[in-house]
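K.L.:
Could you have a look at this structure, given as structure tokens, before my questions?
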Amino acid sequence: MDKHEGRDAGTIRLDDPWYDALAVGWGEGEEPSPPRPAAAGRPAPGASDIYLEVQRSAAFQEVRSRYRRFVVPATAGFFLWYVAYVVAATAAPGLMARPVLGAVNVAMLAGLGQFLSTFLLTWAYARHARLRRDRAALDLRWTVFEQERGQERTRARRAGR
Amino acid sequence: MTTEHQTLALMLFSLFIAVTLGITTWVSRNRHGSAEEFYAGGRLFSPMENGFAIAGDYMSAASFLGISGLIALFGYDGLLYSVGFLVAWLVVLFLVAELVRNCGRFTLADVVAARMSERPVRIAAGISSVVVSVLYLVAQMVGAGSLVGLLLGNSSPVARTLTVIGVGALMVVYVSFGGMRATTWIQIVKAVLLMGGAITLTVLVLLRFHGDFDRLLTTAAERSGYGMEFLSPGLKYGGDWTARFDFMSLGLALVLGTAGLPHILSRFYTVPTARAARRSVVWAIGLIGSFYLMTIVLGFGAAALVGPDEVRASNASGNTAVPLLAAFLGGGAETTGGAVLFAFVAAIAFATILAVVAGITLASSASVAHDLYASLKRRRARQRSEVSVARGAAVGIGAVAIALGLLAQNLNVAFLVGLAFAVAASANLPVLLYSLFWRGFTTRGAVWSVYGGLVPAVLLVLVSPVVSGSPESLFPGADFQFFPLQNPGIVSIPLGFLAGWLGTVTSGEEPDEAKHAETEVRSLTGAGAV
């Protein structure tokens, strides 16, 4: 494990596109010198395979569909509710002016209803994410990490040979 | 107002400047000067801290003074604004915050460029981010200038000019020396002050009415002179159908624009994980929501206690409603209590402008250095650290904002904030959502969607009544107006989405399956996040 410690730091950076292209600064990648072993023209072999593999895994699809099953209807819901509110306020002021209780009218209730629905949806989303997604997402994050480490190790071993 | 007021307000404001400068020095005492440190404050803020900072970044003086002023003058129509500003956060929470935290590093362009051919995408996203920031900045600078006139009763052009230059110079100091860490602490201090001020005034208003909201509304309606119409929509945005469509356009821009504001997006990178980003948005929604609920009480309170006539006499667009209300609640303008509260509110308003300006300057300097400079510089140019470019960019943007702020200080620039939101919603949001959620999205689609939202939004404003053709225009003498609405959102936002789709389906480029997989897995799991 320790025998490729130094190389590890370098290679992780190369495999990580966020680091590779940006942290080091533009143009530097053009230098012929980076310590990338002759990868035979194939850029970062493996790293993207891991992501493709994880993307196809049942565990990831479950996380994704849980996320979408909450977010798609919730977004559609609050967006339509907001648009309906704005359209009603501008196009149908008569309806909005209808008194409900004392000085409070439909418009006031709808406005406060927007605040209330925002707070409720925020709470529901945070709870849904915490209970239904966080655990599984963290596990997947570890899976990717372990697989990347595994690849580093094989590659380092091959290079060392 | 009296000189006593002014002295007190100036003292409180100087105290805020002293404290924030102290913070700047304190946090930069052992900075490493790394990009991580400068743009993202080391990514180690807690969700609560970041939540306060987001709220501080978002609640500009326009919300504090503007919305309650609108409510005081036009009743219910002011409330329409605050609903849009708040509901927008659901877009951020559901679709943007966590995913952006997981796949980006510092800017919007990071998220998009990860999947695409980097250079053109980065330039496009960088340009649109800078445009949004500059529009927003100029609005804040002009606001700072007019606030001096309004609050200190001293509207001599020299005082305004000095204020604009002073605000600009201070923000450059904050940003270039303290980076994200100092900016964040300034936002936090400001958010605490703003919430404290709003809570104090709200409690005082409600005490006046013995906690009876119904009586507050009735009194406000009676005093307004409009009767019950004051409590229902239509006084400001009723009118003809142009005005109504204009508001729908603005509403759409408000709700979709927030998720594309560069200074809001950059805040998610200051926390360690996506989970922390989510929790900071939850904090922010709590703070922003309760703040806007309080502005409702303050606005109707100002209408009921001060009266719309006095508010309008002090400032035609109602911006002084809250300070006047504060003076009234303290016991009247001539008493010590009134003077103290007035000065307190005035100082908070200044602090608000300063903090918002610092946040936007930092975000746009990141766009310039991290996106534009990095993509446009010559390959063999002398290597210069990105952070020193960003510091230079902060100075440059500060100078541009000061210059534009001075040029525009006598113009009616109230439309600028709405316009900044419209550009953010038309140019930044489509590209962001497409690259996070659409498998087939390509480089050409990304570039088209940015320019396809940005260019129409800006062009439509140029031919709209805010620039020419009406007495309130920037150039009242000229008339080349043919687009009737003041806010381009209702046209330019769909155009941005359409252009992204069109660019994608017409491009010959195969979408990169592997990179899409990577973005999707990263965005939802946080694998490989920095």
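Within each chain, counting starts at residue 1; across the structure tokens, chains are named A, B, ... in the order shown, with ligands numbered 1 upward in that order.
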Could you please select, counting only C-alpha atoms, the residues of chain A within 6 Å of chain B and state them as a VMD selection string?

P.N.:
chain A and resid 26 to 27 48 51 to 52 55 89 to 90 93 97 103 107 137 141

K.L.:
Write out as a count of residues only the residues lying within 8 Å of region 73-79 of chain A, counting only C-alpha atoms and excluding same-chain residues fewer than 3 positions away.

P.N.:
10

K.L.:
Report, in Å to a single decimal, how far apart CA of Phe300 (chain B) and CA of Ser224 (chain B) are.

P.N.:
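Atom-to-atom, CA of Ser224 (chain B) to CA of Phe300 (chain B), that is 9.6 Å.
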
K.L.:
Measure the distance from CA of Pro484 (chain B) to CA of Thr242 (chain B) in Å and round it to one decimal.

P.N.:
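Going from CA of Pro484 (chain B) over to CA of Thr242 (chain B) covers 6.8 Å.
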
K.L.:
One number please: CA of Gly452 (chain B) to CA of Asn487 (chain B), in Å, one decimal.

P.N.:
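Here the two named atoms are 16.5 Å from each other.
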
K.L.:
I want to know what sits within 12 Å of Ala343 (chain B), based on only C-alpha atoms, with residues of the same chain fewer than 2 positions away left out; could you give that as number ranges by chain?

P.N.:
B: 1-14, 151-152, 197, 322-327, 330, 333, 336-341, 345-350

K.L.:
Please produce a file of the residues just selected, as a compact mmCIF listing (two decimals), in the first residue's frame, where the atoms kept are N, CA and C atoms.

P.N.:
```
# COMPACT_ATOMS: atom_id res chain seq x y z
N MET B 1 -34.91 64.95 8.33
CA MET B 1 -34.58 64.47 9.66
C MET B 1 -33.51 65.37 10.31
N THR B 2 -33.37 65.27 11.60
CA THR B 2 -32.47 66.18 12.31
C THR B 2 -31.02 65.72 12.22
N THR B 3 -30.12 66.62 12.64
CA THR B 3 -28.70 66.25 12.61
C THR B 3 -28.40 65.15 13.61
N GLU B 4 -29.17 65.13 14.72
CA GLU B 4 -28.97 64.09 15.73
C GLU B 4 -29.12 62.70 15.10
N HIS B 5 -30.21 62.55 14.34
CA HIS B 5 -30.46 61.30 13.62
C HIS B 5 -29.26 60.91 12.80
N GLN B 6 -28.79 61.90 12.04
CA GLN B 6 -27.71 61.61 11.10
C GLN B 6 -26.47 61.16 11.82
N THR B 7 -26.12 61.90 12.90
CA THR B 7 -24.91 61.54 13.63
C THR B 7 -25.02 60.11 14.16
N LEU B 8 -26.18 59.82 14.75
CA LEU B 8 -26.37 58.50 15.34
C LEU B 8 -26.30 57.42 14.27
N ALA B 9 -26.98 57.66 13.16
CA ALA B 9 -26.96 56.66 12.09
C ALA B 9 -25.55 56.46 11.57
N LEU B 10 -24.84 57.56 11.41
CA LEU B 10 -23.47 57.46 10.92
C LEU B 10 -22.59 56.70 11.91
N MET B 11 -22.82 56.96 13.22
CA MET B 11 -22.02 56.25 14.22
C MET B 11 -22.28 54.75 14.17
N LEU B 12 -23.56 54.39 14.12
CA LEU B 12 -23.89 52.96 14.07
C LEU B 12 -23.32 52.31 12.82
N PHE B 13 -23.42 53.03 11.72
CA PHE B 13 -22.92 52.47 10.47
C PHE B 13 -21.39 52.33 10.51
N SER B 14 -20.72 53.34 11.10
CA SER B 14 -19.26 53.24 11.23
C SER B 14 -18.89 52.04 12.09
N LEU B 151 -32.16 58.87 3.85
CA LEU B 151 -32.09 58.63 5.28
C LEU B 151 -31.36 59.73 6.03
N LEU B 152 -30.41 60.36 5.39
CA LEU B 152 -29.68 61.39 6.10
C LEU B 152 -30.16 62.78 5.70
N GLY B 197 -33.55 43.70 13.62
CA GLY B 197 -34.30 44.93 13.37
C GLY B 197 -35.74 44.64 12.98
N VAL B 322 -40.23 52.09 6.09
CA VAL B 322 -39.78 51.41 7.31
C VAL B 322 -39.03 52.35 8.25
N PRO B 323 -38.08 53.15 7.75
CA PRO B 323 -37.45 54.12 8.65
C PRO B 323 -38.46 55.07 9.30
N LEU B 324 -39.44 55.53 8.53
CA LEU B 324 -40.45 56.42 9.12
C LEU B 324 -41.24 55.68 10.19
N LEU B 325 -41.57 54.42 9.88
CA LEU B 325 -42.30 53.61 10.86
C LEU B 325 -41.48 53.46 12.13
N ALA B 326 -40.17 53.24 11.96
CA ALA B 326 -39.30 53.07 13.12
C ALA B 326 -39.31 54.32 13.98
N ALA B 327 -39.18 55.48 13.33
CA ALA B 327 -39.19 56.73 14.09
C ALA B 327 -40.52 56.90 14.83
N GLY B 330 -40.72 54.55 17.82
CA GLY B 330 -39.87 54.96 18.93
C GLY B 330 -40.45 56.13 19.70
N ALA B 333 -40.48 61.37 15.59
CA ALA B 333 -39.18 61.72 15.03
C ALA B 333 -38.37 62.62 15.95
N THR B 336 -35.93 60.94 21.56
CA THR B 336 -34.71 60.14 21.53
C THR B 336 -35.01 58.73 21.04
N GLY B 337 -36.11 58.15 21.55
CA GLY B 337 -36.46 56.78 21.14
C GLY B 337 -36.62 56.71 19.64
N GLY B 338 -37.33 57.68 19.10
CA GLY B 338 -37.56 57.70 17.65
C GLY B 338 -36.25 57.83 16.89
N ALA B 339 -35.38 58.71 17.39
CA ALA B 339 -34.10 58.93 16.72
C ALA B 339 -33.25 57.66 16.74
N VAL B 340 -33.26 56.98 17.90
CA VAL B 340 -32.44 55.77 18.01
C VAL B 340 -32.94 54.70 17.03
N LEU B 341 -34.24 54.46 17.03
CA LEU B 341 -34.77 53.42 16.15
C LEU B 341 -34.53 53.78 14.68
N VAL B 345 -32.37 51.53 12.03
CA VAL B 345 -32.86 51.02 10.75
C VAL B 345 -32.01 51.53 9.59
N ALA B 346 -31.62 52.80 9.67
CA ALA B 346 -30.80 53.36 8.59
C ALA B 346 -29.47 52.61 8.50
N ALA B 347 -28.87 52.36 9.66
CA ALA B 347 -27.59 51.65 9.66
C ALA B 347 -27.74 50.24 9.11
N ILE B 348 -28.86 49.57 9.46
CA ILE B 348 -29.09 48.22 8.93
C ILE B 348 -29.21 48.27 7.40
N ALA B 349 -29.89 49.29 6.91
CA ALA B 349 -30.06 49.38 5.45
C ALA B 349 -28.72 49.55 4.75
N PHE B 350 -27.85 50.38 5.33
CA PHE B 350 -26.51 50.53 4.75
C PHE B 350 -25.75 49.21 4.79
```

K.L.:
Neighbours of Phe441 (chain B) within 7 Å (only C-alpha atoms; same-chain residues fewer than 3 positions away dropped), as an MDAnalysis selection string?

P.N.:
chainID B and resid 434:435 438 445 504 511

K.L.:
Rank nothing, just name the residue among A:Val104, A:Thr154, A:Ala136, A:Gly94 nearest to Gln61 (chain A), using only C-alpha atoms.

P.N.:
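The answer is A:Ala136, which sits nearest to Gln61 (chain A).
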
K.L.:
Extract, using only C-alpha atoms, all DNA, RNA and protein residues at most 12 Å from Val192 (chain B), discarding same-chain residues fewer than 2 positions from it, and format them as a VMD selection string.

P.N.:
chain B and resid 48 to 49 51 to 57 59 185 to 190 194 to 199 287 to 288 291 348 351 to 352

K.L.:
Store the residues picked out above, limited to N, CA and C atoms, as a PDB file, in the first residue's frame.

P.N.:
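The result, stored in part.pdb:
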```
ATOM      1  N   MET B  48     -25.832  26.139   9.499  1.00  0.00           N
ATOM      2  CA  MET B  48     -26.511  27.287  10.072  1.00  0.00           C
ATOM      3  C   MET B  48     -25.817  28.581   9.646  1.00  0.00           C
ATOM      4  N   GLU B  49     -24.493  28.581   9.730  1.00  0.00           N
ATOM      5  CA  GLU B  49     -23.756  29.784   9.318  1.00  0.00           C
ATOM      6  C   GLU B  49     -24.049  30.107   7.859  1.00  0.00           C
ATOM      7  N   GLY B  51     -26.601  29.157   6.112  1.00  0.00           N
ATOM      8  CA  GLY B  51     -27.999  29.559   5.954  1.00  0.00           C
ATOM      9  C   GLY B  51     -28.177  31.045   6.227  1.00  0.00           C
ATOM     10  N   PHE B  52     -27.556  31.531   7.315  1.00  0.00           N
ATOM     11  CA  PHE B  52     -27.618  32.965   7.610  1.00  0.00           C
ATOM     12  C   PHE B  52     -26.942  33.761   6.498  1.00  0.00           C
ATOM     13  N   ALA B  53     -25.803  33.238   6.008  1.00  0.00           N
ATOM     14  CA  ALA B  53     -25.095  33.973   4.971  1.00  0.00           C
ATOM     15  C   ALA B  53     -25.913  34.033   3.685  1.00  0.00           C
ATOM     16  N   ILE B  54     -26.597  32.924   3.338  1.00  0.00           N
ATOM     17  CA  ILE B  54     -27.443  32.941   2.145  1.00  0.00           C
ATOM     18  C   ILE B  54     -28.540  33.978   2.308  1.00  0.00           C
ATOM     19  N   ALA B  55     -29.173  33.944   3.482  1.00  0.00           N
ATOM     20  CA  ALA B  55     -30.231  34.925   3.737  1.00  0.00           C
ATOM     21  C   ALA B  55     -29.666  36.335   3.630  1.00  0.00           C
ATOM     22  N   GLY B  56     -28.443  36.537   4.155  1.00  0.00           N
ATOM     23  CA  GLY B  56     -27.820  37.848   4.094  1.00  0.00           C
ATOM     24  C   GLY B  56     -27.515  38.277   2.672  1.00  0.00           C
ATOM     25  N   ASP B  57     -27.092  37.307   1.865  1.00  0.00           N
ATOM     26  CA  ASP B  57     -26.790  37.606   0.467  1.00  0.00           C
ATOM     27  C   ASP B  57     -28.055  37.958  -0.311  1.00  0.00           C
ATOM     28  N   MET B  59     -31.291  38.949   0.906  1.00  0.00           N
ATOM     29  CA  MET B  59     -32.216  40.010   1.304  1.00  0.00           C
ATOM     30  C   MET B  59     -31.532  41.358   1.122  1.00  0.00           C
ATOM     31  N   TRP B 185     -18.775  36.063   6.684  1.00  0.00           N
ATOM     32  CA  TRP B 185     -19.042  36.586   8.036  1.00  0.00           C
ATOM     33  C   TRP B 185     -19.774  37.903   7.985  1.00  0.00           C
ATOM     34  N   ILE B 186     -19.482  38.712   6.973  1.00  0.00           N
ATOM     35  CA  ILE B 186     -20.202  39.980   6.842  1.00  0.00           C
ATOM     36  C   ILE B 186     -21.689  39.712   6.589  1.00  0.00           C
ATOM     37  N   GLN B 187     -21.948  38.709   5.725  1.00  0.00           N
ATOM     38  CA  GLN B 187     -23.352  38.361   5.469  1.00  0.00           C
ATOM     39  C   GLN B 187     -24.034  37.902   6.752  1.00  0.00           C
ATOM     40  N   ILE B 188     -23.314  37.111   7.545  1.00  0.00           N
ATOM     41  CA  ILE B 188     -23.934  36.576   8.757  1.00  0.00           C
ATOM     42  C   ILE B 188     -24.269  37.714   9.717  1.00  0.00           C
ATOM     43  N   VAL B 189     -23.278  38.612   9.933  1.00  0.00           N
ATOM     44  CA  VAL B 189     -23.523  39.743  10.838  1.00  0.00           C
ATOM     45  C   VAL B 189     -24.711  40.552  10.349  1.00  0.00           C
ATOM     46  N   LYS B 190     -24.725  40.803   9.032  1.00  0.00           N
ATOM     47  CA  LYS B 190     -25.805  41.591   8.470  1.00  0.00           C
ATOM     48  C   LYS B 190     -27.151  40.897   8.615  1.00  0.00           C
ATOM     49  N   LEU B 194     -30.321  42.380  10.450  1.00  0.00           N
ATOM     50  CA  LEU B 194     -31.554  42.611   9.705  1.00  0.00           C
ATOM     51  C   LEU B 194     -32.725  41.891  10.374  1.00  0.00           C
ATOM     52  N   MET B 195     -32.498  40.626  10.745  1.00  0.00           N
ATOM     53  CA  MET B 195     -33.568  39.893  11.411  1.00  0.00           C
ATOM     54  C   MET B 195     -33.908  40.554  12.743  1.00  0.00           C
ATOM     55  N   GLY B 196     -32.860  40.973  13.477  1.00  0.00           N
ATOM     56  CA  GLY B 196     -33.090  41.625  14.763  1.00  0.00           C
ATOM     57  C   GLY B 196     -33.929  42.882  14.589  1.00  0.00           C
ATOM     58  N   GLY B 197     -33.553  43.704  13.618  1.00  0.00           N
ATOM     59  CA  GLY B 197     -34.299  44.928  13.369  1.00  0.00           C
ATOM     60  C   GLY B 197     -35.736  44.639  12.981  1.00  0.00           C
ATOM     61  N   ALA B 198     -35.910  43.653  12.064  1.00  0.00           N
ATOM     62  CA  ALA B 198     -37.265  43.354  11.597  1.00  0.00           C
ATOM     63  C   ALA B 198     -38.123  42.807  12.737  1.00  0.00           C
ATOM     64  N   ILE B 199     -37.535  41.936  13.570  1.00  0.00           N
ATOM     65  CA  ILE B 199     -38.316  41.370  14.675  1.00  0.00           C
ATOM     66  C   ILE B 199     -38.725  42.475  15.647  1.00  0.00           C
ATOM     67  N   LEU B 287     -35.353  31.594   7.410  1.00  0.00           N
ATOM     68  CA  LEU B 287     -35.045  32.999   7.701  1.00  0.00           C
ATOM     69  C   LEU B 287     -35.718  33.932   6.703  1.00  0.00           C
ATOM     70  N   ILE B 288     -35.579  33.597   5.405  1.00  0.00           N
ATOM     71  CA  ILE B 288     -36.125  34.482   4.377  1.00  0.00           C
ATOM     72  C   ILE B 288     -37.649  34.524   4.475  1.00  0.00           C
ATOM     73  N   PHE B 291     -38.698  36.519   7.384  1.00  0.00           N
ATOM     74  CA  PHE B 291     -38.420  37.924   7.126  1.00  0.00           C
ATOM     75  C   PHE B 291     -39.517  38.546   6.245  1.00  0.00           C
ATOM     76  N   ILE B 348     -28.861  49.575   9.457  1.00  0.00           N
ATOM     77  CA  ILE B 348     -29.090  48.224   8.925  1.00  0.00           C
ATOM     78  C   ILE B 348     -29.206  48.273   7.404  1.00  0.00           C
ATOM     79  N   ALA B 351     -25.794  48.576   5.949  1.00  0.00           N
ATOM     80  CA  ALA B 351     -25.076  47.314   6.116  1.00  0.00           C
ATOM     81  C   ALA B 351     -25.557  46.307   5.089  1.00  0.00           C
ATOM     82  N   THR B 352     -26.882  46.313   4.853  1.00  0.00           N
ATOM     83  CA  THR B 352     -27.477  45.397   3.897  1.00  0.00           C
ATOM     84  C   THR B 352     -26.888  45.608   2.514  1.00  0.00           C
TER      85      THR B 352
END
```

K.L.:
Write out as JSON, numbers by chain the residues lying within 10 Å of Glu37 (chain B), counting only C-alpha atoms and excluding same-chain residues fewer than 4 positions away.

P.N.:
{"B": [28, 31, 32, 33, 41, 42, 43, 44, 178, 179, 180, 181, 270, 387]}

K.L.:
Would you write out those residues with N, CA and C atoms, as an mmCIF file, in the first residue's frame?

P.N.:
```cif
data_model
loop_
_atom_site.group_PDB
_atom_site.id
_atom_site.type_symbol
_atom_site.label_atom_id
_atom_site.label_comp_id
_atom_site.auth_asym_id
_atom_site.auth_seq_id
_atom_site.Cartn_x
_atom_site.Cartn_y
_atom_site.Cartn_z
ATOM 1 N N SER B 28 -8.298 36.960 7.525
ATOM 2 C CA SER B 28 -7.237 36.852 6.524
ATOM 3 C C SER B 28 -5.864 36.805 7.189
ATOM 4 N N ARG B 31 -4.283 33.367 5.949
ATOM 5 C CA ARG B 31 -4.879 32.719 4.781
ATOM 6 C C ARG B 31 -3.771 32.119 3.920
ATOM 7 N N HIS B 32 -4.136 31.075 3.200
ATOM 8 C CA HIS B 32 -3.134 30.435 2.350
ATOM 9 C C HIS B 32 -3.153 31.013 0.948
ATOM 10 N N GLY B 33 -4.163 31.790 0.634
ATOM 11 C CA GLY B 33 -4.229 32.318 -0.722
ATOM 12 C C GLY B 33 -4.569 31.277 -1.761
ATOM 13 N N GLY B 41 -14.079 29.844 0.942
ATOM 14 C CA GLY B 41 -13.854 29.981 2.379
ATOM 15 C C GLY B 41 -13.400 28.692 3.031
ATOM 16 N N GLY B 42 -12.697 27.851 2.282
ATOM 17 C CA GLY B 42 -12.217 26.594 2.839
ATOM 18 C C GLY B 42 -13.296 25.521 2.950
ATOM 19 N N ARG B 43 -14.519 25.820 2.501
ATOM 20 C CA ARG B 43 -15.653 24.883 2.500
ATOM 21 C C ARG B 43 -15.991 24.346 3.881
ATOM 22 N N LEU B 44 -15.739 25.118 4.922
ATOM 23 C CA LEU B 44 -15.939 24.539 6.254
ATOM 24 C C LEU B 44 -16.987 25.271 7.082
ATOM 25 N N GLY B 178 -10.338 39.651 2.107
ATOM 26 C CA GLY B 178 -10.919 38.595 2.945
ATOM 27 C C GLY B 178 -11.458 37.413 2.173
ATOM 28 N N GLY B 179 -11.691 37.562 0.857
ATOM 29 C CA GLY B 179 -12.237 36.453 0.082
ATOM 30 C C GLY B 179 -13.580 36.000 0.635
ATOM 31 N N MET B 180 -13.906 34.736 0.366
ATOM 32 C CA MET B 180 -15.206 34.211 0.753
ATOM 33 C C MET B 180 -15.390 34.180 2.261
ATOM 34 N N ARG B 181 -14.311 33.953 2.994
ATOM 35 C CA ARG B 181 -14.487 33.804 4.436
ATOM 36 C C ARG B 181 -14.974 35.117 5.058
ATOM 37 N N THR B 270 -19.461 26.680 0.000
ATOM 38 C CA THR B 270 -18.766 27.003 1.249
ATOM 39 C C THR B 270 -19.041 25.989 2.346
ATOM 40 N N VAL B 387 -5.963 33.172 -7.985
ATOM 41 C CA VAL B 387 -6.480 34.013 -6.913
ATOM 42 C C VAL B 387 -6.057 35.461 -7.100
#
```

K.L.:
Identify which of the residues B:Phe38, B:Ala191, B:Phe85, B:Ser156 lies closest to Val389 (chain B), counting only C-alpha atoms when measuring atom-to-atom distances.

P.N.:
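Among the listed residues, B:Phe38 lies closest to Val389 (chain B).
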
K.L.:
Have a look at B:Val297, B:Val175, B:Val134, B:Ala277 and name the one nearest to Ala126 (chain A); count only C-alpha atoms.

P.N.:
B:Ala277
